[in-house]
$ cat upload29.pdb   # PDB, C-alpha atoms and all ligand atoms
MODEL        1
ATOM      1  CA  MET A   7      15.084 123.572  66.543
ATOM      2  CA  ASN A   8      15.420 120.070  67.939
ATOM      3  CA  ARG A   9      18.946 118.781  67.453
ATOM      4  CA  PHE A  10      18.067 115.149  67.899
ATOM      5  CA  PRO A  11      15.557 112.806  66.300
ATOM      6  CA  SER A  12      12.611 112.318  68.590
ATOM      7  CA  PHE A  13      12.233 109.132  70.589
ATOM      8  CA  ARG A  14       9.129 108.321  68.628
ATOM      9  CA  THR A  15      11.001 108.562  65.335
ATOM     10  CA  LEU A  16      13.840 106.463  66.698
ATOM     11  CA  ALA A  17      11.478 103.866  68.099
ATOM     12  CA  GLY A  18       9.648 103.762  64.774
ATOM     13  CA  ALA A  19      12.911 103.399  62.910
ATOM     14  CA  ILE A  20      14.056 100.612  65.180
ATOM     15  CA  THR A  21      10.769  98.736  64.781
ATOM     16  CA  LEU A  22      10.949  99.158  61.029
ATOM     17  CA  LEU A  23      14.591  98.074  61.046
ATOM     18  CA  ALA A  24      13.655  94.930  62.913
ATOM     19  CA  THR A  25      10.978  94.197  60.325
ATOM     20  CA  VAL A  26      13.371  94.799  57.457
ATOM     21  CA  THR A  27      16.000  92.608  59.079
ATOM     22  CA  ALA A  28      13.495  89.836  59.583
ATOM     23  CA  THR A  29      11.951  89.956  56.130
ATOM     24  CA  SER A  30      14.563  91.119  53.674
ATOM     25  CA  GLU A  31      17.280  88.784  52.495
ATOM     26  CA  ALA A  32      19.287  91.801  51.416
ATOM     27  CA  VAL A  33      19.898  92.693  55.032
ATOM     28  CA  THR A  34      21.864  89.908  56.592
ATOM     29  CA  SER A  35      24.035  91.668  59.136
ATOM     30  CA  GLY A  36      21.307  93.569  60.918
ATOM     31  CA  ILE A  37      22.828  96.794  59.647
ATOM     32  CA  PRO A  38      20.831  98.038  56.678
ATOM     33  CA  ALA A  39      22.978  98.889  53.676
ATOM     34  CA  GLN A  40      21.993 102.281  52.297
ATOM     35  CA  THR A  41      21.099 100.920  48.884
ATOM     36  CA  THR A  42      19.014  97.950  49.955
ATOM     37  CA  GLY A  43      16.181 100.067  51.290
ATOM     38  CA  GLU A  44      15.311 101.580  47.942
ATOM     39  CA  THR A  45      15.714  98.443  45.907
ATOM     40  CA  ALA A  46      13.515  96.563  48.355
ATOM     41  CA  GLY A  47      10.923  99.309  48.271
ATOM     42  CA  VAL A  48      11.606 100.204  51.867
ATOM     43  CA  PRO A  49      12.377 103.821  52.738
ATOM     44  CA  ASP A  50      16.042 104.576  53.340
ATOM     45  CA  LEU A  51      15.962 104.795  57.112
ATOM     46  CA  SER A  52      19.467 106.098  57.544
ATOM     47  CA  ALA A  53      18.585 109.095  55.380
ATOM     48  CA  GLU A  54      15.351 109.676  57.246
ATOM     49  CA  VAL A  55      17.031 109.733  60.636
ATOM     50  CA  MET A  56      19.834 111.947  59.323
ATOM     51  CA  SER A  57      17.426 114.494  57.898
ATOM     52  CA  GLU A  58      16.046 115.210  61.364
ATOM     53  CA  THR A  59      19.449 116.466  62.493
ATOM     54  CA  PRO A  60      19.932 120.045  61.261
ATOM     55  CA  ALA A  61      23.124 120.492  59.278
ATOM     56  CA  GLU A  62      25.371 122.567  61.521
ATOM     57  CA  PRO A  63      28.205 124.263  59.669
ATOM     58  CA  ALA A  64      31.621 122.836  60.471
ATOM     59  CA  PHE A  65      33.929 125.120  62.403
ATOM     60  CA  PRO A  66      36.212 126.987  60.011
ATOM     61  CA  ASP A  67      39.950 126.401  60.256
ATOM     62  CA  VAL A  68      40.893 130.074  60.652
ATOM     63  CA  PHE A  69      41.519 129.723  64.387
ATOM     64  CA  PRO A  70      44.967 128.899  65.834
ATOM     65  CA  VAL A  71      45.403 125.144  66.356
ATOM     66  CA  SER A  72      47.958 125.721  69.086
ATOM     67  CA  LEU A  73      48.711 128.602  71.393
ATOM     68  CA  LYS A  74      51.911 129.952  72.907
ATOM     69  CA  VAL A  75      52.295 131.828  76.132
ATOM     70  CA  CYS A  76      53.893 135.183  75.260
ATOM     71  CA  PRO A  77      57.655 135.267  75.900
ATOM     72  CA  VAL A  78      59.473 138.038  77.778
ATOM     73  CA  MET A  79      56.496 139.230  79.778
ATOM     74  CA  HIS A  80      54.922 138.272  83.047
ATOM     75  CA  VAL A  81      51.809 136.269  82.226
ATOM     76  CA  PHE A  82      49.332 136.183  85.110
ATOM     77  CA  ASN A  83      47.512 132.886  85.679
ATOM     78  CA  ARG A  84      49.785 131.242  83.165
ATOM     79  CA  PRO A  85      48.492 127.847  82.010
ATOM     80  CA  GLU A  86      50.811 124.856  81.710
ATOM     81  CA  ALA A  87      53.163 125.144  78.749
ATOM     82  CA  ASP A  88      56.104 123.158  77.392
ATOM     83  CA  ASP A  89      59.717 124.363  77.024
ATOM     84  CA  ASP A  90      58.793 126.179  73.811
ATOM     85  CA  LEU A  91      55.969 127.960  75.657
ATOM     86  CA  VAL A  92      53.335 125.996  73.715
ATOM     87  CA  MET A  93      50.287 125.405  75.908
ATOM     88  CA  VAL A  94      49.710 121.770  76.772
ATOM     89  CA  ASN A  95      46.078 120.637  76.906
ATOM     90  CA  TYR A  96      45.080 123.410  74.521
ATOM     91  CA  ALA A  97      41.736 122.820  72.806
ATOM     92  CA  PRO A  98      41.104 125.111  69.790
ATOM     93  CA  VAL A  99      37.328 124.577  70.058
ATOM     94  CA  VAL A 100      35.416 124.156  73.310
ATOM     95  CA  SER A 101      31.848 123.498  74.434
ATOM     96  CA  ALA A 102      29.990 126.151  76.388
ATOM     97  CA  GLY A 103      26.536 125.124  77.486
ATOM     98  CA  GLU A 104      24.684 122.300  75.808
ATOM     99  CA  SER A 105      24.737 123.465  72.213
ATOM    100  CA  VAL A 106      27.320 126.226  71.890
ATOM    101  CA  LYS A 107      30.789 125.693  70.466
ATOM    102  CA  LEU A 108      33.397 128.426  70.738
ATOM    103  CA  ALA A 109      36.906 128.998  69.455
ATOM    104  CA  THR A 110      39.288 129.402  72.386
ATOM    105  CA  ALA A 111      41.396 132.026  70.621
ATOM    106  CA  PRO A 112      39.296 134.067  68.141
ATOM    107  CA  VAL A 113      42.343 135.773  66.638
ATOM    108  CA  ALA A 114      44.274 135.367  63.389
ATOM    109  CA  GLU A 115      47.511 135.494  65.365
ATOM    110  CA  GLY A 116      48.635 136.133  68.900
ATOM    111  CA  CYS A 117      50.088 134.741  72.100
ATOM    112  CA  LEU A 118      48.533 134.468  75.528
ATOM    113  CA  SER A 119      49.552 137.527  77.537
ATOM    114  CA  SER A 120      47.223 137.073  80.500
ATOM    115  CA  GLY A 121      45.147 134.187  81.797
ATOM    116  CA  PHE A 122      41.838 134.206  83.622
ATOM    117  CA  GLY A 123      41.812 134.824  87.377
ATOM    118  CA  MET A 124      42.968 137.173  90.103
ATOM    119  CA  ARG A 125      45.472 139.735  88.878
ATOM    120  CA  ARG A 126      46.840 141.541  91.915
ATOM    121  CA  THR A 127      43.625 142.667  93.607
ATOM    122  CA  ARG A 128      41.166 142.333  90.723
ATOM    123  CA  LEU A 129      39.621 139.414  88.925
ATOM    124  CA  HIS A 130      40.672 139.329  85.283
ATOM    125  CA  GLU A 131      37.416 138.097  83.814
ATOM    126  CA  GLY A 132      38.824 136.941  80.506
ATOM    127  CA  VAL A 133      42.026 136.064  78.683
ATOM    128  CA  ASP A 134      44.306 138.386  76.711
ATOM    129  CA  TYR A 135      45.855 137.646  73.330
ATOM    130  CA  PHE A 136      48.729 139.927  72.365
ATOM    131  CA  ASN A 137      50.109 140.617  68.918
ATOM    132  CA  HIS A 138      52.405 143.327  67.560
ATOM    133  CA  THR A 139      50.238 144.006  64.519
ATOM    134  CA  ALA A 140      46.523 144.568  64.046
ATOM    135  CA  VAL A 141      45.344 141.085  63.096
ATOM    136  CA  ASP A 142      41.764 140.036  62.403
ATOM    137  CA  ILE A 143      39.446 139.249  65.305
ATOM    138  CA  TYR A 144      36.834 136.574  64.600
ATOM    139  CA  ALA A 145      33.459 135.688  66.028
ATOM    140  CA  ALA A 146      34.303 132.782  68.350
ATOM    141  CA  GLY A 147      31.051 131.017  67.498
ATOM    142  CA  HIS A 148      27.763 131.336  65.682
ATOM    143  CA  GLY A 149      25.447 134.020  67.051
ATOM    144  CA  THR A 150      24.228 137.590  66.767
ATOM    145  CA  ILE A 151      25.984 140.828  67.640
ATOM    146  CA  LYS A 152      24.272 141.928  70.847
ATOM    147  CA  GLU A 153      26.329 145.029  71.552
ATOM    148  CA  MET A 154      28.881 147.133  69.699
ATOM    149  CA  THR A 155      30.074 150.234  71.465
ATOM    150  CA  TYR A 156      32.993 152.267  72.839
ATOM    151  CA  ARG A 157      33.739 152.256  76.580
ATOM    152  CA  ASN A 158      36.575 153.915  78.502
ATOM    153  CA  ASP A 159      37.581 150.596  80.061
ATOM    154  CA  PHE A 160      37.110 148.207  77.139
ATOM    155  CA  GLY A 161      37.612 150.597  74.229
ATOM    156  CA  ASN A 162      35.855 149.399  71.090
ATOM    157  CA  MET A 163      33.898 146.433  72.377
ATOM    158  CA  ILE A 164      31.641 143.773  70.884
ATOM    159  CA  VAL A 165      29.420 141.286  72.706
ATOM    160  CA  ILE A 166      28.037 138.321  70.764
ATOM    161  CA  ASP A 167      24.991 136.347  71.901
ATOM    162  CA  HIS A 168      25.443 132.644  71.034
ATOM    163  CA  GLY A 169      22.103 131.524  72.458
ATOM    164  CA  ASP A 170      21.676 129.057  75.337
ATOM    165  CA  GLY A 171      22.734 131.831  77.757
ATOM    166  CA  VAL A 172      26.269 132.006  76.332
ATOM    167  CA  PHE A 173      27.922 135.285  75.275
ATOM    168  CA  THR A 174      31.433 136.378  74.295
ATOM    169  CA  ARG A 175      33.061 139.786  74.734
ATOM    170  CA  TYR A 176      35.845 141.246  72.561
ATOM    171  CA  ALA A 177      37.549 144.419  73.822
ATOM    172  CA  HIS A 178      40.110 147.045  72.751
ATOM    173  CA  LEU A 179      39.446 146.551  69.017
ATOM    174  CA  GLU A 180      41.211 148.994  66.738
ATOM    175  CA  ARG A 181      38.043 149.168  64.671
ATOM    176  CA  PHE A 182      34.938 147.192  63.885
ATOM    177  CA  SER A 183      34.219 145.401  60.639
ATOM    178  CA  GLY A 184      31.193 146.641  58.704
ATOM    179  CA  LEU A 185      28.776 144.540  60.780
ATOM    180  CA  LYS A 186      26.082 146.210  62.878
ATOM    181  CA  GLU A 187      24.327 145.358  66.143
ATOM    182  CA  GLY A 188      21.794 142.624  65.495
ATOM    183  CA  ALA A 189      23.800 141.112  62.636
ATOM    184  CA  THR A 190      24.061 137.332  62.466
ATOM    185  CA  VAL A 191      27.611 136.014  62.537
ATOM    186  CA  ALA A 192      29.126 132.610  61.931
ATOM    187  CA  ALA A 193      32.178 131.305  63.733
ATOM    188  CA  GLY A 194      35.229 132.741  62.024
ATOM    189  CA  ASP A 195      33.550 135.841  60.580
ATOM    190  CA  VAL A 196      35.808 138.881  60.925
ATOM    191  CA  ILE A 197      34.254 141.282  63.452
ATOM    192  CA  GLY A 198      37.126 143.752  63.821
ATOM    193  CA  LEU A 199      40.851 144.319  64.190
ATOM    194  CA  MET A 200      43.008 143.794  67.260
ATOM    195  CA  GLY A 201      43.771 147.156  68.842
ATOM    196  CA  ASN A 202      44.637 149.048  71.994
ATOM    197  CA  THR A 203      41.598 151.294  72.389
ATOM    198  CA  SER A 204      40.828 152.324  75.970
ATOM    199  CA  SER A 205      40.999 155.533  77.979
ATOM    200  CA  ARG A 206      44.217 154.081  79.442
ATOM    201  CA  LYS A 207      47.437 153.498  77.558
ATOM    202  CA  ILE A 208      47.620 149.763  76.894
ATOM    203  CA  ALA A 209      49.459 147.373  74.593
ATOM    204  CA  ARG A 210      47.695 146.042  71.544
ATOM    205  CA  HIS A 211      45.769 142.905  72.512
ATOM    206  CA  LEU A 212      42.360 141.272  72.473
ATOM    207  CA  HIS A 213      40.618 140.959  75.827
ATOM    208  CA  PHE A 214      38.282 137.987  75.339
ATOM    209  CA  GLU A 215      35.568 136.826  77.747
ATOM    210  CA  VAL A 216      33.174 133.900  77.746
ATOM    211  CA  LEU A 217      30.054 134.835  79.707
ATOM    212  CA  THR A 218      27.039 132.918  80.830
ATOM    213  CA  GLY A 219      23.702 133.727  82.413
ATOM    214  CA  GLU A 220      20.930 136.180  81.692
ATOM    215  CA  TRP A 221      21.431 139.533  80.013
ATOM    216  CA  GLY A 222      20.697 142.271  82.558
ATOM    217  CA  ASP A 223      17.906 144.785  82.040
ATOM    218  CA  GLU A 224      20.126 147.475  83.516
ATOM    219  CA  ALA A 225      23.599 145.977  83.704
ATOM    220  CA  GLY A 226      23.529 144.302  80.265
ATOM    221  CA  SER A 227      26.597 142.075  79.819
ATOM    222  CA  PHE A 228      27.808 142.992  83.316
ATOM    223  CA  ALA A 229      24.999 140.906  84.803
ATOM    224  CA  LEU A 230      26.636 137.812  83.258
ATOM    225  CA  THR A 231      29.099 135.433  84.909
ATOM    226  CA  PRO A 232      32.563 135.113  83.337
ATOM    227  CA  LEU A 233      34.018 131.649  82.655
ATOM    228  CA  ASN A 234      37.624 130.640  82.086
ATOM    229  CA  VAL A 235      37.679 129.519  78.454
ATOM    230  CA  PHE A 236      40.629 127.191  79.233
ATOM    231  CA  ASP A 237      38.457 125.300  81.731
ATOM    232  CA  LEU A 238      35.775 124.471  79.151
ATOM    233  CA  PRO A 239      35.726 120.940  77.674
ATOM    234  CA  ALA A 240      37.227 120.379  74.238
ATOM    235  CA  ALA A 241      34.713 120.070  71.414
ATOM    236  CA  ASP A 242      34.858 118.480  67.990
ATOM    237  CA  ALA A 243      35.474 121.118  65.343
ATOM    238  CA  GLU A 244      33.400 119.141  62.797
ATOM    239  CA  GLY A 245      29.653 119.458  62.582
TER     240      GLY A 245
HETATM  241 ZN    ZN B   1      42.151 141.314  79.589
ENDMDL
END
$ encode --input "upload29.pdb" --output "structure tokens"
Amino acid sequence: MNRFPSFRTLAGAITLLATVTATSEAVTSGIPAQTTGETAGVPDLSAEVMSETPAEPAFPDVFPVSLKVCPVMHVFNRPEADDDLVMVNYAPVVSAGESVKLATAPVAEGCLSSGFGMRRTRLHEGVDYFNHTAVDIYAAGHGTIKEMTYRNDFGNMIVIDHGDGVFTRYAHLERFSGLKEGATVAAGDVIGLMGNTSSRKIARHLHFEVLTGEWGDEAGSFALTPLNVFDLPAADAEG
């Protein structure tokens, strides 16, 4: 669906506005008051333009508004944090692609235990959020569940397709919520519980990736390119 009113509609509205401004005494400032349109028998232009913009649900406030770097552990690729270990420049909601908004930390609770980047000899293609207890894991944005499976490396893993070539991966879940592959999710929907599933012994945490590109015929999500969620621009959580 088109997010923006078409040029033609805008041009039409502007022409009509000019006419209204020129002919109606009710409009003196050049800005049409919402009530004057109806009383003057002129369509309410503000409402017409608004109706062309689809109502996008506001981002829910379940996501952490600030994030701490985990204490007492070595955090690879540690972002800048203050004396209390609170990340500076933390944006709870970010933009990925032209139309996709994502929560930076899709967890009910947790601290950052590993950043994105080289970790010894391997690229850590996501960020890790650690918590002692099995807290809820949320869909980071609106989308559909593309994959839900168990792997030796990622344990119980979910990949969500957000459209616009943007995907997110959630790994090591203790268990999945009742949702199935193909299910539509909204940002903030519970998709599982934080866990430590993997063929290796690991601490409880969420491994979270933001991925972009085209889903692979053979490689699936592994054909996608990982992005550092902390590098993405902050987005407005409303609308
Ligand atoms: Zn990880």
$ closest_residue --input "upload29.pdb" --among "A:Phe160, A:Phe236, A:Phe214, A:Trp221" --to "Gly132 of chain A" --atoms "all atoms listed in the file"
A:Phe214
$ atom_distance --input "upload29.pdb" --atom1 "atom CA of Val113 of chain A" --atom2 "atom CA of Ala209 of chain A"
15.8 Å
$ residues_around --input "upload29.pdb" --residues "Lys186 of chain A" --least-positions-apart "6" --cutoff "10 Å" --atoms "all atoms listed in the file" --output "ChimeraX atom specification"
/A:150-154,197
$ atom_distance --input "upload29.pdb" --atom1 "atom CA of Gly188 of chain A" --atom2 "atom CA of Ala146 of chain A"
16.2 Å
$ closest_residue --input "upload29.pdb" --among "A:Val133, A:Ala225, A:Leu233, A:Ala87" --to "ligand ZN 1 (chain B)" --atoms "all atoms listed in the file"
A:Val133
$ residues_around --input "upload29.pdb" --residues "Leu108 of chain A" --least-positions-apart "4" --cutoff "12 Å" --atoms "all atoms listed in the file" --output "PDB file with C-alpha atoms, in the frame of the given file"
ATOM      1  CA  ALA A  64      31.621 122.836  60.471  1.00  0.00           C
ATOM      2  CA  PHE A  65      33.929 125.120  62.403  1.00  0.00           C
ATOM      3  CA  PRO A  66      36.212 126.987  60.011  1.00  0.00           C
ATOM      4  CA  PHE A  69      41.519 129.723  64.387  1.00  0.00           C
ATOM      5  CA  ALA A  97      41.736 122.820  72.806  1.00  0.00           C
ATOM      6  CA  PRO A  98      41.104 125.111  69.790  1.00  0.00           C
ATOM      7  CA  VAL A  99      37.328 124.577  70.058  1.00  0.00           C
ATOM      8  CA  VAL A 100      35.416 124.156  73.310  1.00  0.00           C
ATOM      9  CA  SER A 101      31.848 123.498  74.434  1.00  0.00           C
ATOM     10  CA  ALA A 102      29.990 126.151  76.388  1.00  0.00           C
ATOM     11  CA  GLY A 103      26.536 125.124  77.486  1.00  0.00           C
ATOM     12  CA  GLU A 104      24.684 122.300  75.808  1.00  0.00           C
ATOM     13  CA  PRO A 112      39.296 134.067  68.141  1.00  0.00           C
ATOM     14  CA  TYR A 144      36.834 136.574  64.600  1.00  0.00           C
ATOM     15  CA  ALA A 145      33.459 135.688  66.028  1.00  0.00           C
ATOM     16  CA  ALA A 146      34.303 132.782  68.350  1.00  0.00           C
ATOM     17  CA  GLY A 147      31.051 131.017  67.498  1.00  0.00           C
ATOM     18  CA  HIS A 148      27.763 131.336  65.682  1.00  0.00           C
ATOM     19  CA  GLY A 149      25.447 134.020  67.051  1.00  0.00           C
ATOM     20  CA  ILE A 166      28.037 138.321  70.764  1.00  0.00           C
ATOM     21  CA  ASP A 167      24.991 136.347  71.901  1.00  0.00           C
ATOM     22  CA  HIS A 168      25.443 132.644  71.034  1.00  0.00           C
ATOM     23  CA  GLY A 169      22.103 131.524  72.458  1.00  0.00           C
ATOM     24  CA  VAL A 172      26.269 132.006  76.332  1.00  0.00           C
ATOM     25  CA  PHE A 173      27.922 135.285  75.275  1.00  0.00           C
ATOM     26  CA  THR A 174      31.433 136.378  74.295  1.00  0.00           C
ATOM     27  CA  ALA A 192      29.126 132.610  61.931  1.00  0.00           C
ATOM     28  CA  ALA A 193      32.178 131.305  63.733  1.00  0.00           C
ATOM     29  CA  GLY A 194      35.229 132.741  62.024  1.00  0.00           C
ATOM     30  CA  PHE A 214      38.282 137.987  75.339  1.00  0.00           C
ATOM     31  CA  GLU A 215      35.568 136.826  77.747  1.00  0.00           C
ATOM     32  CA  VAL A 216      33.174 133.900  77.746  1.00  0.00           C
ATOM     33  CA  LEU A 217      30.054 134.835  79.707  1.00  0.00           C
ATOM     34  CA  VAL A 235      37.679 129.519  78.454  1.00  0.00           C
ATOM     35  CA  PHE A 236      40.629 127.191  79.233  1.00  0.00           C
ATOM     36  CA  LEU A 238      35.775 124.471  79.151  1.00  0.00           C
ATOM     37  CA  PRO A 239      35.726 120.940  77.674  1.00  0.00           C
ATOM     38  CA  ALA A 240      37.227 120.379  74.238  1.00  0.00           C
ATOM     39  CA  ALA A 241      34.713 120.070  71.414  1.00  0.00           C
ATOM     40  CA  ASP A 242      34.858 118.480  67.990  1.00  0.00           C
ATOM     41  CA  ALA A 243      35.474 121.118  65.343  1.00  0.00           C
TER      42      ALA A 243
END
$ atom_distance --input "upload29.pdb" --atom1 "atom CA of Asp223 of chain A" --atom2 "atom CA of Gly201 of chain A"
29.1 Å
$ closest_residue --input "upload29.pdb" --among "A:Asp90, A:Asp159, A:Glu115, A:Glu131" --to "ligand ZN 1 (chain B)" --atoms "only C-alpha atoms and all ligand atoms"
A:Glu131
$ resolve_selection --input "upload29.pdb" --expression "the PyMOL selection byres (((chain A and resi 210) around 7) and not hetatm)" --output "list in words"
Phe136, Asn137, His138, Met200, Gly201, Asn202, Ile208, Ala209 and His211 of chain A
$ closest_residue --input "upload29.pdb" --among "A:Asp142, A:Glu187, A:Asp134, A:Glu224" --to "ligand ZN 1 (chain B)" --atoms "only C-alpha atoms and all ligand atoms"
A:Asp134
$ residues_around --input "upload29.pdb" --residues "Ser183 of chain A" --least-positions-apart "5" --cutoff "8 Å" --atoms "only C-alpha atoms" --output "list in words"
Val196, Ile197, Gly198 and Leu199 of chain A
$ axis_aligned_box --input "upload29.pdb" --around "segment 94-99 of chain A" --padding-each-side "3 Å" --output "AutoDock Vina command-line options"
--center_x 43.5 --center_y 122.9 --center_z 73.3 --size_x 18.4 --size_y 10.5 --size_z 13.1
$ closest_residue --input "upload29.pdb" --among "A:Thr139, A:Thr127, A:Ser120, A:Thr231" --to "Lys74 of chain A" --atoms "all atoms listed in the file"
A:Ser120
$ closest_residue --input "upload29.pdb" --among "A:Val94, A:Ile143, A:Ala109, A:Val81" --to "ligand ZN 1 (chain B)" --atoms "all atoms listed in the file"
A:Val81
$ residues_around --input "upload29.pdb" --residues "Gly121 of chain A" --least-positions-apart "3" --cutoff "6 Å" --atoms "all atoms listed in the file" --output "NGL selection string"
:A and (82-84 or 133)
$ decode --input "upload29.pdb" --residues "segment 112-132 of chain A" --atoms "N, CA and C atoms" --output "PDB file, in the first residue's frame"
ATOM      1  N   PRO A 112      14.482  -6.620  21.705  1.00  0.00           N
ATOM      2  CA  PRO A 112      13.140  -7.224  21.773  1.00  0.00           C
ATOM      3  C   PRO A 112      12.997  -8.194  22.942  1.00  0.00           C
ATOM      4  N   VAL A 113      13.332  -7.720  24.122  1.00  0.00           N
ATOM      5  CA  VAL A 113      13.308  -8.541  25.336  1.00  0.00           C
ATOM      6  C   VAL A 113      12.571  -7.799  26.451  1.00  0.00           C
ATOM      7  N   ALA A 114      11.936  -8.564  27.348  1.00  0.00           N
ATOM      8  CA  ALA A 114      11.264  -7.936  28.483  1.00  0.00           C
ATOM      9  C   ALA A 114      12.278  -7.362  29.454  1.00  0.00           C
ATOM     10  N   GLU A 115      13.438  -8.016  29.527  1.00  0.00           N
ATOM     11  CA  GLU A 115      14.494  -7.610  30.448  1.00  0.00           C
ATOM     12  C   GLU A 115      15.804  -8.179  29.948  1.00  0.00           C
ATOM     13  N   GLY A 116      16.890  -7.499  30.268  1.00  0.00           N
ATOM     14  CA  GLY A 116      18.191  -8.044  29.890  1.00  0.00           C
ATOM     15  C   GLY A 116      19.224  -6.947  29.780  1.00  0.00           C
ATOM     16  N   CYS A 117      20.495  -7.365  29.760  1.00  0.00           N
ATOM     17  CA  CYS A 117      21.591  -6.427  29.555  1.00  0.00           C
ATOM     18  C   CYS A 117      22.383  -6.891  28.350  1.00  0.00           C
ATOM     19  N   LEU A 118      23.143  -5.978  27.787  1.00  0.00           N
ATOM     20  CA  LEU A 118      23.914  -6.307  26.583  1.00  0.00           C
ATOM     21  C   LEU A 118      25.161  -7.104  26.983  1.00  0.00           C
ATOM     22  N   SER A 119      25.241  -8.338  26.527  1.00  0.00           N
ATOM     23  CA  SER A 119      26.384  -9.177  26.896  1.00  0.00           C
ATOM     24  C   SER A 119      27.374  -9.349  25.751  1.00  0.00           C
ATOM     25  N   SER A 120      26.991  -8.970  24.550  1.00  0.00           N
ATOM     26  CA  SER A 120      27.931  -8.986  23.435  1.00  0.00           C
ATOM     27  C   SER A 120      27.412  -8.083  22.329  1.00  0.00           C
ATOM     28  N   GLY A 121      28.308  -7.253  21.797  1.00  0.00           N
ATOM     29  CA  GLY A 121      27.934  -6.376  20.694  1.00  0.00           C
ATOM     30  C   GLY A 121      28.151  -7.065  19.353  1.00  0.00           C
ATOM     31  N   PHE A 122      27.920  -6.296  18.312  1.00  0.00           N
ATOM     32  CA  PHE A 122      28.061  -6.798  16.940  1.00  0.00           C
ATOM     33  C   PHE A 122      29.502  -6.571  16.491  1.00  0.00           C
ATOM     34  N   GLY A 123      30.091  -7.565  15.836  1.00  0.00           N
ATOM     35  CA  GLY A 123      31.431  -7.358  15.265  1.00  0.00           C
ATOM     36  C   GLY A 123      32.323  -8.554  15.477  1.00  0.00           C
ATOM     37  N   MET A 124      33.609  -8.382  15.180  1.00  0.00           N
ATOM     38  CA  MET A 124      34.548  -9.495  15.293  1.00  0.00           C
ATOM     39  C   MET A 124      34.709  -9.895  16.752  1.00  0.00           C
ATOM     40  N   ARG A 125      34.614 -11.192  16.987  1.00  0.00           N
ATOM     41  CA  ARG A 125      34.779 -11.728  18.342  1.00  0.00           C
ATOM     42  C   ARG A 125      35.859 -12.785  18.198  1.00  0.00           C
ATOM     43  N   ARG A 126      37.046 -12.464  18.648  1.00  0.00           N
ATOM     44  CA  ARG A 126      38.230 -13.293  18.355  1.00  0.00           C
ATOM     45  C   ARG A 126      38.345 -13.452  16.845  1.00  0.00           C
ATOM     46  N   THR A 127      38.122 -14.632  16.309  1.00  0.00           N
ATOM     47  CA  THR A 127      38.361 -14.804  14.867  1.00  0.00           C
ATOM     48  C   THR A 127      37.078 -14.814  14.048  1.00  0.00           C
ATOM     49  N   ARG A 128      35.925 -14.726  14.731  1.00  0.00           N
ATOM     50  CA  ARG A 128      34.661 -14.836  13.981  1.00  0.00           C
ATOM     51  C   ARG A 128      33.814 -13.587  14.131  1.00  0.00           C
ATOM     52  N   LEU A 129      33.069 -13.310  13.067  1.00  0.00           N
ATOM     53  CA  LEU A 129      32.151 -12.171  13.124  1.00  0.00           C
ATOM     54  C   LEU A 129      30.912 -12.569  13.928  1.00  0.00           C
ATOM     55  N   HIS A 130      30.629 -11.815  14.973  1.00  0.00           N
ATOM     56  CA  HIS A 130      29.383 -12.004  15.710  1.00  0.00           C
ATOM     57  C   HIS A 130      28.338 -11.185  14.977  1.00  0.00           C
ATOM     58  N   GLU A 131      27.414 -11.887  14.339  1.00  0.00           N
ATOM     59  CA  GLU A 131      26.514 -11.229  13.376  1.00  0.00           C
ATOM     60  C   GLU A 131      25.263 -10.645  14.016  1.00  0.00           C
ATOM     61  N   GLY A 132      25.279 -10.528  15.315  1.00  0.00           N
ATOM     62  CA  GLY A 132      24.127  -9.949  16.007  1.00  0.00           C
ATOM     63  C   GLY A 132      24.567  -9.368  17.336  1.00  0.00           C
TER      64      GLY A 132
END
